[in-house]
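One file, upload27.cif, is given below (mmCIF, C-alpha atoms).
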```cif
data_entry
loop_
_atom_site.label_atom_id
_atom_site.label_comp_id
_atom_site.auth_asym_id
_atom_site.auth_seq_id
_atom_site.Cartn_x
_atom_site.Cartn_y
_atom_site.Cartn_z
CA MET A 1 -1.46 27.34 10.83
CA PRO A 2 1.78 28.44 9.08
CA ALA A 3 2.01 31.99 7.80
CA GLN A 4 2.54 30.76 4.23
CA PRO A 5 -0.49 29.27 2.41
CA THR A 6 -0.09 25.49 2.30
CA LEU A 7 -1.40 22.37 0.58
CA TYR A 8 -2.27 19.73 3.19
CA LEU A 9 -2.67 16.07 2.25
CA VAL A 10 -5.10 14.83 4.88
CA GLY A 11 -5.66 11.16 5.56
CA THR A 12 -9.30 10.30 6.23
CA PRO A 13 -10.96 7.15 7.65
CA ILE A 14 -11.19 4.10 5.40
CA GLY A 15 -14.38 2.97 7.08
CA ASN A 16 -14.59 3.76 10.78
CA LEU A 17 -15.17 7.50 11.26
CA GLU A 18 -13.22 7.38 14.54
CA ASP A 19 -10.00 6.63 12.62
CA ILE A 20 -9.00 10.25 12.14
CA SER A 21 -6.42 12.24 14.07
CA LEU A 22 -7.02 15.36 16.14
CA ARG A 23 -4.54 17.16 13.91
CA ALA A 24 -6.48 16.19 10.78
CA LEU A 25 -9.72 17.52 12.28
CA ARG A 26 -8.01 20.80 13.22
CA ILE A 27 -6.56 21.23 9.72
CA LEU A 28 -9.92 20.55 8.09
CA LYS A 29 -11.48 23.26 10.28
CA GLU A 30 -8.76 25.85 9.75
CA VAL A 31 -8.10 25.68 5.98
CA GLN A 32 -10.09 27.90 3.66
CA LEU A 33 -11.01 25.13 1.22
CA ILE A 34 -11.21 21.31 1.14
CA ALA A 35 -10.66 19.61 -2.22
CA CYS A 36 -12.59 16.33 -2.23
CA GLU A 37 -12.69 13.30 -4.49
CA ASP A 38 -16.46 13.26 -3.88
CA THR A 39 -17.96 16.19 -1.97
CA ARG A 40 -20.99 14.09 -1.00
CA GLN A 41 -18.82 11.42 0.57
CA THR A 42 -16.62 13.91 2.42
CA SER A 43 -19.67 15.79 3.70
CA LYS A 44 -20.57 12.73 5.81
CA LEU A 45 -17.25 13.05 7.64
CA LEU A 46 -17.45 16.83 7.94
CA ASN A 47 -21.03 16.76 9.23
CA HIS A 48 -20.12 14.07 11.76
CA TYR A 49 -17.50 16.39 13.28
CA GLY A 50 -19.35 19.67 12.76
CA ILE A 51 -16.87 21.06 10.23
CA GLN A 52 -18.28 23.74 7.95
CA THR A 53 -15.29 24.48 5.70
CA ARG A 54 -16.17 25.04 2.04
CA THR A 55 -15.56 22.08 -0.28
CA ILE A 56 -14.75 21.71 -3.98
CA SER A 57 -14.48 18.62 -6.16
CA TYR A 58 -11.11 17.21 -7.23
CA HIS A 59 -11.26 13.82 -8.96
CA GLU A 60 -9.71 11.87 -11.83
CA HIS A 61 -12.00 13.47 -14.42
CA ASN A 62 -11.23 17.10 -13.58
CA GLU A 63 -7.81 17.00 -11.88
CA LEU A 64 -5.95 18.32 -14.92
CA THR A 65 -7.83 21.64 -14.94
CA ARG A 66 -8.78 21.74 -11.26
CA SER A 67 -5.14 21.39 -10.13
CA ALA A 68 -4.24 24.70 -11.76
CA GLU A 69 -7.31 26.32 -10.24
CA LEU A 70 -6.40 25.13 -6.74
CA ILE A 71 -2.84 26.38 -7.12
CA MET A 72 -4.26 29.81 -7.95
CA HIS A 73 -6.30 29.72 -4.74
CA ILE A 74 -3.19 28.92 -2.72
CA GLU A 75 -1.14 31.65 -4.43
CA GLN A 76 -3.93 34.08 -3.54
CA GLY A 77 -3.46 33.26 0.15
CA GLN A 78 -5.73 30.30 0.86
CA SER A 79 -4.58 27.08 2.49
CA ILE A 80 -6.20 23.95 1.04
CA ALA A 81 -6.70 20.43 2.38
CA LEU A 82 -6.82 17.62 -0.16
CA VAL A 83 -8.81 14.54 0.84
CA THR A 84 -10.07 11.43 -0.92
CA ASP A 85 -13.11 9.32 -0.15
CA ALA A 86 -10.98 7.13 2.10
CA GLY A 87 -7.33 6.89 3.08
CA MET A 88 -4.35 8.97 2.01
CA PRO A 89 -4.57 11.20 -1.08
CA GLY A 90 -2.46 9.94 -3.96
CA VAL A 91 -2.47 6.27 -2.93
CA SER A 92 -4.53 4.69 -5.75
CA ASP A 93 -6.52 7.93 -5.65
CA PRO A 94 -6.19 11.41 -7.24
CA GLY A 95 -3.54 13.76 -5.87
CA PHE A 96 -0.30 13.28 -7.77
CA ARG A 97 -0.92 16.06 -10.31
CA LEU A 98 -1.79 18.63 -7.65
CA VAL A 99 1.19 17.74 -5.46
CA SER A 100 3.58 17.91 -8.42
CA LEU A 101 2.21 21.28 -9.49
CA ALA A 102 2.41 22.66 -5.95
CA ILE A 103 6.05 21.60 -5.68
CA ARG A 104 6.86 23.28 -9.00
CA HIS A 105 5.27 26.47 -7.70
CA LYS A 106 7.29 26.19 -4.46
CA ILE A 107 4.14 25.82 -2.38
CA PRO A 108 4.58 23.94 0.93
CA VAL A 109 3.10 20.43 0.78
CA VAL A 110 2.39 18.98 4.23
CA PRO A 111 1.20 15.38 4.80
CA VAL A 112 -1.23 14.77 7.64
CA PRO A 113 -1.05 10.99 8.22
CA GLY A 114 -4.14 8.85 8.42
CA ALA A 115 -5.57 5.41 7.81
CA THR A 116 -4.34 3.40 4.82
CA ALA A 117 -6.02 0.18 3.76
CA PHE A 118 -2.96 -1.68 2.48
CA LEU A 119 -0.85 -1.01 5.60
CA SER A 120 -3.69 -1.93 7.94
CA ALA A 121 -4.20 -5.16 6.01
CA LEU A 122 -0.48 -5.95 5.97
CA VAL A 123 0.14 -5.68 9.71
CA ALA A 124 -2.83 -7.96 10.47
CA SER A 125 -2.19 -10.43 7.64
CA GLY A 126 0.35 -12.61 9.39
CA LEU A 127 2.66 -12.36 6.37
CA PRO A 128 6.22 -10.98 6.71
CA THR A 129 6.26 -7.20 7.06
CA ASP A 130 10.03 -6.62 6.93
CA SER A 131 10.00 -6.26 3.14
CA PHE A 132 6.93 -5.71 0.98
CA VAL A 133 5.73 -4.16 -2.27
CA PHE A 134 2.44 -2.32 -2.80
CA GLN A 135 1.37 -2.30 -6.45
CA GLY A 136 -2.10 -0.75 -6.37
CA PHE A 137 -4.83 -2.40 -8.44
CA LEU A 138 -4.04 -5.46 -10.52
CA PRO A 139 -4.63 -5.07 -14.29
CA VAL A 140 -8.20 -5.71 -15.43
CA LYS A 141 -7.22 -7.67 -18.54
CA LEU A 142 -6.42 -11.35 -18.02
CA GLY A 143 -3.18 -11.39 -20.00
CA GLN A 144 -1.75 -8.34 -18.26
CA ARG A 145 -2.77 -9.63 -14.83
CA ARG A 146 -1.09 -12.98 -15.40
CA LYS A 147 2.01 -11.17 -16.63
CA VAL A 148 2.21 -9.28 -13.31
CA LEU A 149 1.81 -12.54 -11.41
CA GLU A 150 4.53 -14.21 -13.50
CA ALA A 151 6.85 -11.34 -12.57
CA ILE A 152 6.44 -12.03 -8.83
CA LYS A 153 6.70 -15.82 -9.08
CA ASN A 154 10.05 -15.92 -7.27
CA GLU A 155 9.64 -12.75 -5.21
CA VAL A 156 10.87 -12.91 -1.62
CA ARG A 157 8.85 -9.86 -0.56
CA THR A 158 5.20 -9.78 0.48
CA GLN A 159 3.09 -8.46 -2.41
CA ILE A 160 0.07 -6.22 -1.81
CA PHE A 161 -2.66 -5.34 -4.31
CA TYR A 162 -6.11 -3.81 -4.32
CA GLU A 163 -8.76 -5.78 -6.20
CA ALA A 164 -12.38 -5.26 -7.17
CA PRO A 165 -14.76 -7.76 -5.50
CA HIS A 166 -16.25 -8.93 -8.82
CA ARG A 167 -12.77 -9.80 -10.12
CA LEU A 168 -11.50 -11.56 -7.00
CA LEU A 169 -12.39 -15.13 -8.03
CA GLY A 170 -10.71 -14.76 -11.41
CA THR A 171 -7.61 -13.32 -9.78
CA LEU A 172 -7.44 -16.14 -7.22
CA GLU A 173 -7.72 -18.68 -10.05
CA ASP A 174 -4.81 -16.96 -11.80
CA ILE A 175 -2.75 -17.05 -8.60
CA VAL A 176 -3.31 -20.80 -8.26
CA ASP A 177 -2.37 -21.35 -11.92
CA VAL A 178 0.67 -19.05 -12.01
CA LEU A 179 2.04 -19.07 -8.46
CA GLY A 180 0.83 -22.46 -7.30
CA ALA A 181 -1.92 -23.81 -5.08
CA HIS A 182 0.26 -23.67 -1.95
CA ARG A 183 1.28 -20.00 -2.18
CA HIS A 184 0.23 -18.16 0.98
CA VAL A 185 -2.56 -15.66 0.31
CA VAL A 186 -4.54 -13.30 2.51
CA VAL A 187 -7.73 -11.55 1.47
CA ALA A 188 -8.54 -8.59 3.72
CA ARG A 189 -12.11 -7.44 3.16
CA GLU A 190 -13.79 -4.30 4.49
CA VAL A 191 -10.85 -3.36 6.73
CA THR A 192 -11.93 -1.22 9.75
CA LYS A 193 -15.61 -1.58 8.80
CA ILE A 194 -18.42 -3.51 10.51
CA TYR A 195 -17.97 -6.63 8.38
CA GLU A 196 -14.16 -6.65 8.46
CA GLU A 197 -12.78 -10.06 7.50
CA PHE A 198 -9.39 -11.69 6.99
CA VAL A 199 -9.15 -14.95 5.07
CA ARG A 200 -5.66 -16.43 5.57
CA ALA A 201 -4.70 -19.71 3.87
CA THR A 202 -3.10 -21.21 0.76
CA ALA A 203 -4.20 -19.86 -2.61
CA ALA A 204 -6.26 -22.99 -3.29
CA GLU A 205 -7.98 -22.83 0.11
CA VAL A 206 -8.79 -19.13 -0.23
CA LEU A 207 -10.18 -19.74 -3.73
CA ALA A 208 -12.35 -22.57 -2.41
CA ASP A 209 -13.65 -20.34 0.39
CA PHE A 210 -14.76 -17.52 -1.89
CA THR A 211 -16.09 -19.90 -4.57
CA LYS A 212 -18.66 -21.17 -2.05
CA ARG A 213 -20.04 -17.68 -1.46
CA ASP A 214 -23.05 -16.35 -3.34
CA GLU A 215 -21.41 -12.97 -3.79
CA VAL A 216 -18.21 -11.17 -2.85
CA ARG A 217 -18.73 -7.65 -1.57
CA GLY A 218 -16.71 -4.80 -0.12
CA GLU A 219 -13.28 -3.31 -0.60
CA ILE A 220 -10.60 -5.93 -1.09
CA THR A 221 -6.90 -5.89 -0.23
CA LEU A 222 -5.08 -8.93 -1.60
CA LEU A 223 -1.77 -10.00 -0.09
CA ILE A 224 0.50 -12.68 -1.55
CA GLY A 225 3.23 -14.30 0.51
CA ARG A 226 6.79 -14.60 -0.67
CA ALA A 227 7.92 -17.50 -2.81
CA GLU A 228 8.60 -20.62 -0.79
CA GLU A 229 9.79 -24.16 -1.25
CA ALA A 230 7.46 -27.03 -0.41
CA HIS A 231 8.80 -27.14 3.14
CA GLY A 232 8.27 -23.44 3.78
CA VAL A 233 11.85 -22.32 3.16
CA PRO A 234 12.20 -19.09 1.13
CA VAL A 235 13.59 -19.59 -2.37
CA VAL A 236 16.57 -17.38 -1.67
CA ALA A 237 17.40 -19.47 1.39
CA GLN A 238 18.17 -22.50 -0.76
CA LYS A 239 21.76 -21.29 -0.45
CA ASN A 240 22.98 -20.48 3.03
CA ALA A 241 24.02 -16.99 4.05
CA ARG A 242 27.73 -17.69 3.91
CA THR A 243 27.58 -19.02 0.35
CA ARG A 244 25.47 -16.11 -0.81
CA VAL A 245 27.79 -13.52 0.78
CA ARG A 246 30.79 -15.13 -0.91
CA GLU A 247 28.98 -15.09 -4.26
CA LEU A 248 28.26 -11.37 -4.01
CA MET A 249 31.83 -10.56 -2.97
CA LYS A 250 33.25 -12.73 -5.76
CA SER A 251 31.27 -10.71 -8.30
CA GLY A 252 33.36 -7.70 -7.26
CA GLU A 253 30.33 -5.43 -6.97
CA VAL A 254 30.30 -5.08 -3.17
CA ASP A 255 32.52 -5.50 -0.13
CA GLU A 256 31.76 -7.88 2.73
CA LYS A 257 29.72 -5.38 4.76
CA GLU A 258 27.44 -4.49 1.86
CA ALA A 259 27.18 -8.16 0.84
CA MET A 260 25.98 -9.13 4.34
CA LYS A 261 23.46 -6.30 4.28
CA ARG A 262 22.04 -7.48 0.95
CA VAL A 263 21.86 -11.10 2.03
CA ALA A 264 20.01 -10.15 5.23
CA LYS A 265 17.41 -8.31 3.16
CA GLU A 266 17.09 -11.12 0.61
CA MET A 267 16.59 -13.81 3.23
CA GLY A 268 14.44 -11.79 5.59
CA ILE A 269 16.89 -12.22 8.47
CA SER A 270 18.90 -9.76 10.55
CA LYS A 271 22.40 -8.60 9.67
CA SER A 272 23.51 -10.04 13.03
CA ASP A 273 22.37 -13.50 11.92
CA VAL A 274 24.38 -13.19 8.72
CA TYR A 275 27.40 -11.99 10.70
CA ARG A 276 27.16 -14.98 13.02
CA GLU A 277 27.08 -17.31 10.02
CA MET A 278 30.19 -15.64 8.63
CA GLN A 279 31.89 -16.03 12.00
CA LYS A 280 31.14 -19.75 11.97
CA ASP A 281 32.75 -19.94 8.54
CA GLY A 282 35.89 -18.28 9.89
CA LYS A 283 36.22 -20.75 12.76
CA ARG A 284 36.34 -23.77 10.46
#
```

If you took the structure in this file and wrote it as structure tokens, what would it be?
Amino acid sequence: MPAQPTLYLVGTPIGNLEDISLRALRILKEVQLIACEDTRQTSKLLNHYGIQTRTISYHEHNELTRSAELIMHIEQGQSIALVTDAGMPGVSDPGFRLVSLAIRHKIPVVPVPGATAFLSALVASGLPTDSFVFQGFLPVKLGQRRKVLEAIKNEVRTQIFYEAPHRLLGTLEDIVDVLGAHRHVVVAREVTKIYEEFVRATAAEVLADFTKRDEVRGEITLLIGRAEEAHGVPVVAQKNARTRVRELMKSGEVDEKEAMKRVAKEMGISKSDVYREMQKDGKR
């Protein structure tokens, strides 16, 4: 442990209790206090590994006042580990206020990596991982949710959301209506748990699958593939790399090197591929 009292952000399992690092277990044993989203939930993990460190609650309903209290503990010489019920603190869970306050008080903030539902779902989804956006939970209200979907209609990056199981059917219906029946969608359910499931298909096919079920249960990660033409060609790729590079350079905003870099990112291809296309152009 460092000589200076520290705030540790400790990633905890998102289902399987074995998905925790040796470093995380050591930190949880050595700190003086563990701030938990739900002390009852965290106690299951601590009891499993024989950790007897004192716990205190830190959740969305008390984080405004509890953050200041925890900072006082640290300034009095105690190191604290912040955990949530599952995953990394601050990712769609409480933590931001405490981290911000610690930084303002010049207290060391040290992340201890752990399992994260959206990353685990992404790498097993089969959708492109070179460029993606995680947006947390979709809005509950229909109008706001459809507005978010409208905003990603022509996105060339994989989109990742969390969704409540009882809202999944409505959200899938909105995806079909707004983004189209053929948009690639993956529903990752109960990732790392006993009943882990990945449903990978078009939006219409995924909707049909879950419509047949009596009930949808578990934690849901919803992934939406990038916008595509009917033949599976990304929207941005309607224009070839050479044309797009020339367009960017003609605008006067970037030079050739930066233009090629941007085009590679837009089209989901390597900079080498763009360079080869430019070379072909020069040989004509």

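From atom CA of A:Val176 back to atom CA of A:Ala204, the distance works out to 6.2 Å.
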
Would you write out, as a CSV table (one decimal) with C-alpha atoms, in the frame of the given file, every residue that the PyMOL selection byres ((chain A and resi 36) around 12) captures in this file?
```csv
chain,number,residue,atom,x,y,z
A,9,LEU,CA,-2.7,16.1,2.2
A,10,VAL,CA,-5.1,14.8,4.9
A,11,GLY,CA,-5.7,11.2,5.6
A,12,THR,CA,-9.3,10.3,6.2
A,28,LEU,CA,-9.9,20.6,8.1
A,33,LEU,CA,-11.0,25.1,1.2
A,34,ILE,CA,-11.2,21.3,1.1
A,35,ALA,CA,-10.7,19.6,-2.2
A,37,GLU,CA,-12.7,13.3,-4.5
A,38,ASP,CA,-16.5,13.3,-3.9
A,39,THR,CA,-18.0,16.2,-2.0
A,40,ARG,CA,-21.0,14.1,-1.0
A,41,GLN,CA,-18.8,11.4,0.6
A,42,THR,CA,-16.6,13.9,2.4
A,43,SER,CA,-19.7,15.8,3.7
A,44,LYS,CA,-20.6,12.7,5.8
A,45,LEU,CA,-17.2,13.0,7.6
A,46,LEU,CA,-17.4,16.8,7.9
A,53,THR,CA,-15.3,24.5,5.7
A,54,ARG,CA,-16.2,25.0,2.0
A,55,THR,CA,-15.6,22.1,-0.3
A,56,ILE,CA,-14.8,21.7,-4.0
A,57,SER,CA,-14.5,18.6,-6.2
A,58,TYR,CA,-11.1,17.2,-7.2
A,59,HIS,CA,-11.3,13.8,-9.0
A,60,GLU,CA,-9.7,11.9,-11.8
A,62,ASN,CA,-11.2,17.1,-13.6
A,63,GLU,CA,-7.8,17.0,-11.9
A,66,ARG,CA,-8.8,21.7,-11.3
A,67,SER,CA,-5.1,21.4,-10.1
A,70,LEU,CA,-6.4,25.1,-6.7
A,80,ILE,CA,-6.2,24.0,1.0
A,81,ALA,CA,-6.7,20.4,2.4
A,82,LEU,CA,-6.8,17.6,-0.2
A,83,VAL,CA,-8.8,14.5,0.8
A,84,THR,CA,-10.1,11.4,-0.9
A,85,ASP,CA,-13.1,9.3,-0.2
A,86,ALA,CA,-11.0,7.1,2.1
A,88,MET,CA,-4.4,9.0,2.0
A,89,PRO,CA,-4.6,11.2,-1.1
A,93,ASP,CA,-6.5,7.9,-5.6
A,94,PRO,CA,-6.2,11.4,-7.2
A,95,GLY,CA,-3.5,13.8,-5.9
```

Residues near stretch 129-133 of chain A, cut-off 8 Å, all atoms listed in the file, skip fewer than 5 positions along chain, as a compact mmCIF listing (two decimals) with C-alpha atoms, in the coordinates of the input:
```txt
# COMPACT_ATOMS: atom_id res chain seq x y z
CA LEU A 122 -0.48 -5.95 5.97
CA VAL A 123 0.14 -5.68 9.71
CA ARG A 157 8.85 -9.86 -0.56
CA THR A 158 5.20 -9.78 0.48
CA GLN A 159 3.09 -8.46 -2.41
CA ILE A 160 0.07 -6.22 -1.81
CA LYS A 265 17.41 -8.31 3.16
CA GLY A 268 14.44 -11.79 5.59
```

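Remark: for A:Ala241, the closest of the candidate residues A:Arg217, A:Arg145, A:Arg189, A:Lys271 is A:Lys271 (distances computed over all atoms listed in the file).
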
Excluding A:Tyr8 and any residue of its chain fewer than 3 positions from it, enumerate the residues within 6 Å of it, using all atoms listed in the file, and give them as an mmCIF file with C-alpha atoms, in the coordinates of the input.
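Writing done, so here's result36.cif:
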```cif
data_model
loop_
_atom_site.group_PDB
_atom_site.id
_atom_site.type_symbol
_atom_site.label_atom_id
_atom_site.label_comp_id
_atom_site.auth_asym_id
_atom_site.auth_seq_id
_atom_site.Cartn_x
_atom_site.Cartn_y
_atom_site.Cartn_z
ATOM 1 C CA ALA A 81 -6.700 20.430 2.380
ATOM 2 C CA VAL A 109 3.100 20.430 0.780
ATOM 3 C CA VAL A 110 2.390 18.980 4.230
ATOM 4 C CA PRO A 111 1.200 15.380 4.800
#
```

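Each of A:Gln78, A:Ser21, A:Gln135, A:Ser120 was checked against A:Ile152 using all atoms listed in the file; the smallest atom-to-atom distance is that of A:Gln135.
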
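Of the listed residues (A:Ser125, A:Val112, A:Leu7, A:Gly15), A:Gly15 comes nearest to A:Tyr195; the distances count only C-alpha atoms.
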
The distance between atom CA of A:Glu228 and atom CA of A:Glu155 is 9.1 Å

Gap from atom CA of A:Leu64 to atom CA of A:Ile20 - Å, one decimal:
28.4 Å

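When the PyMOL selection byres ((chain A and resi 245) around 8) is run on the displayed coordinates, the residues it returns are Ala241, Arg242, Thr243, Arg244, Arg246, Glu247, Leu248, Met249, Glu256, Ala259, Met260 and Val263 of chain A.
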
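With only C-alpha atoms as the basis for measurement, A:Val191 is the residue among A:Val274, A:Ala264, A:Val156, A:Val191 that approaches A:Thr116 most closely.
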
Would you list the residues near (5.5, -18.8, -8.5), meaning any protein, DNA or RNA residue with an atom at most 12 Å from that point in file coordinates, counting all atoms listed in the file, as a PyMOL selection string?
chain A and resi 146-156+174-184+203+224-230+234-235

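Closest approach to A:Phe137 among A:Val185, A:Lys212, A:Ile194, A:Leu222 is made by A:Leu222 (distances from only C-alpha atoms).
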
Expanded to explicit residues, what is the PyMOL selection byres ((chain A and resi 169) around 12) for this file, as a ChimeraX atom specification?
/A:163-168,170-176,187,203-204,206-217,220,222

For a quick check of understanding, using only C-alpha atoms, which of A:Leu17, A:Ala24, A:Ile107, A:Leu101 has the smallest distance to A:Ile74?
A:Ile107
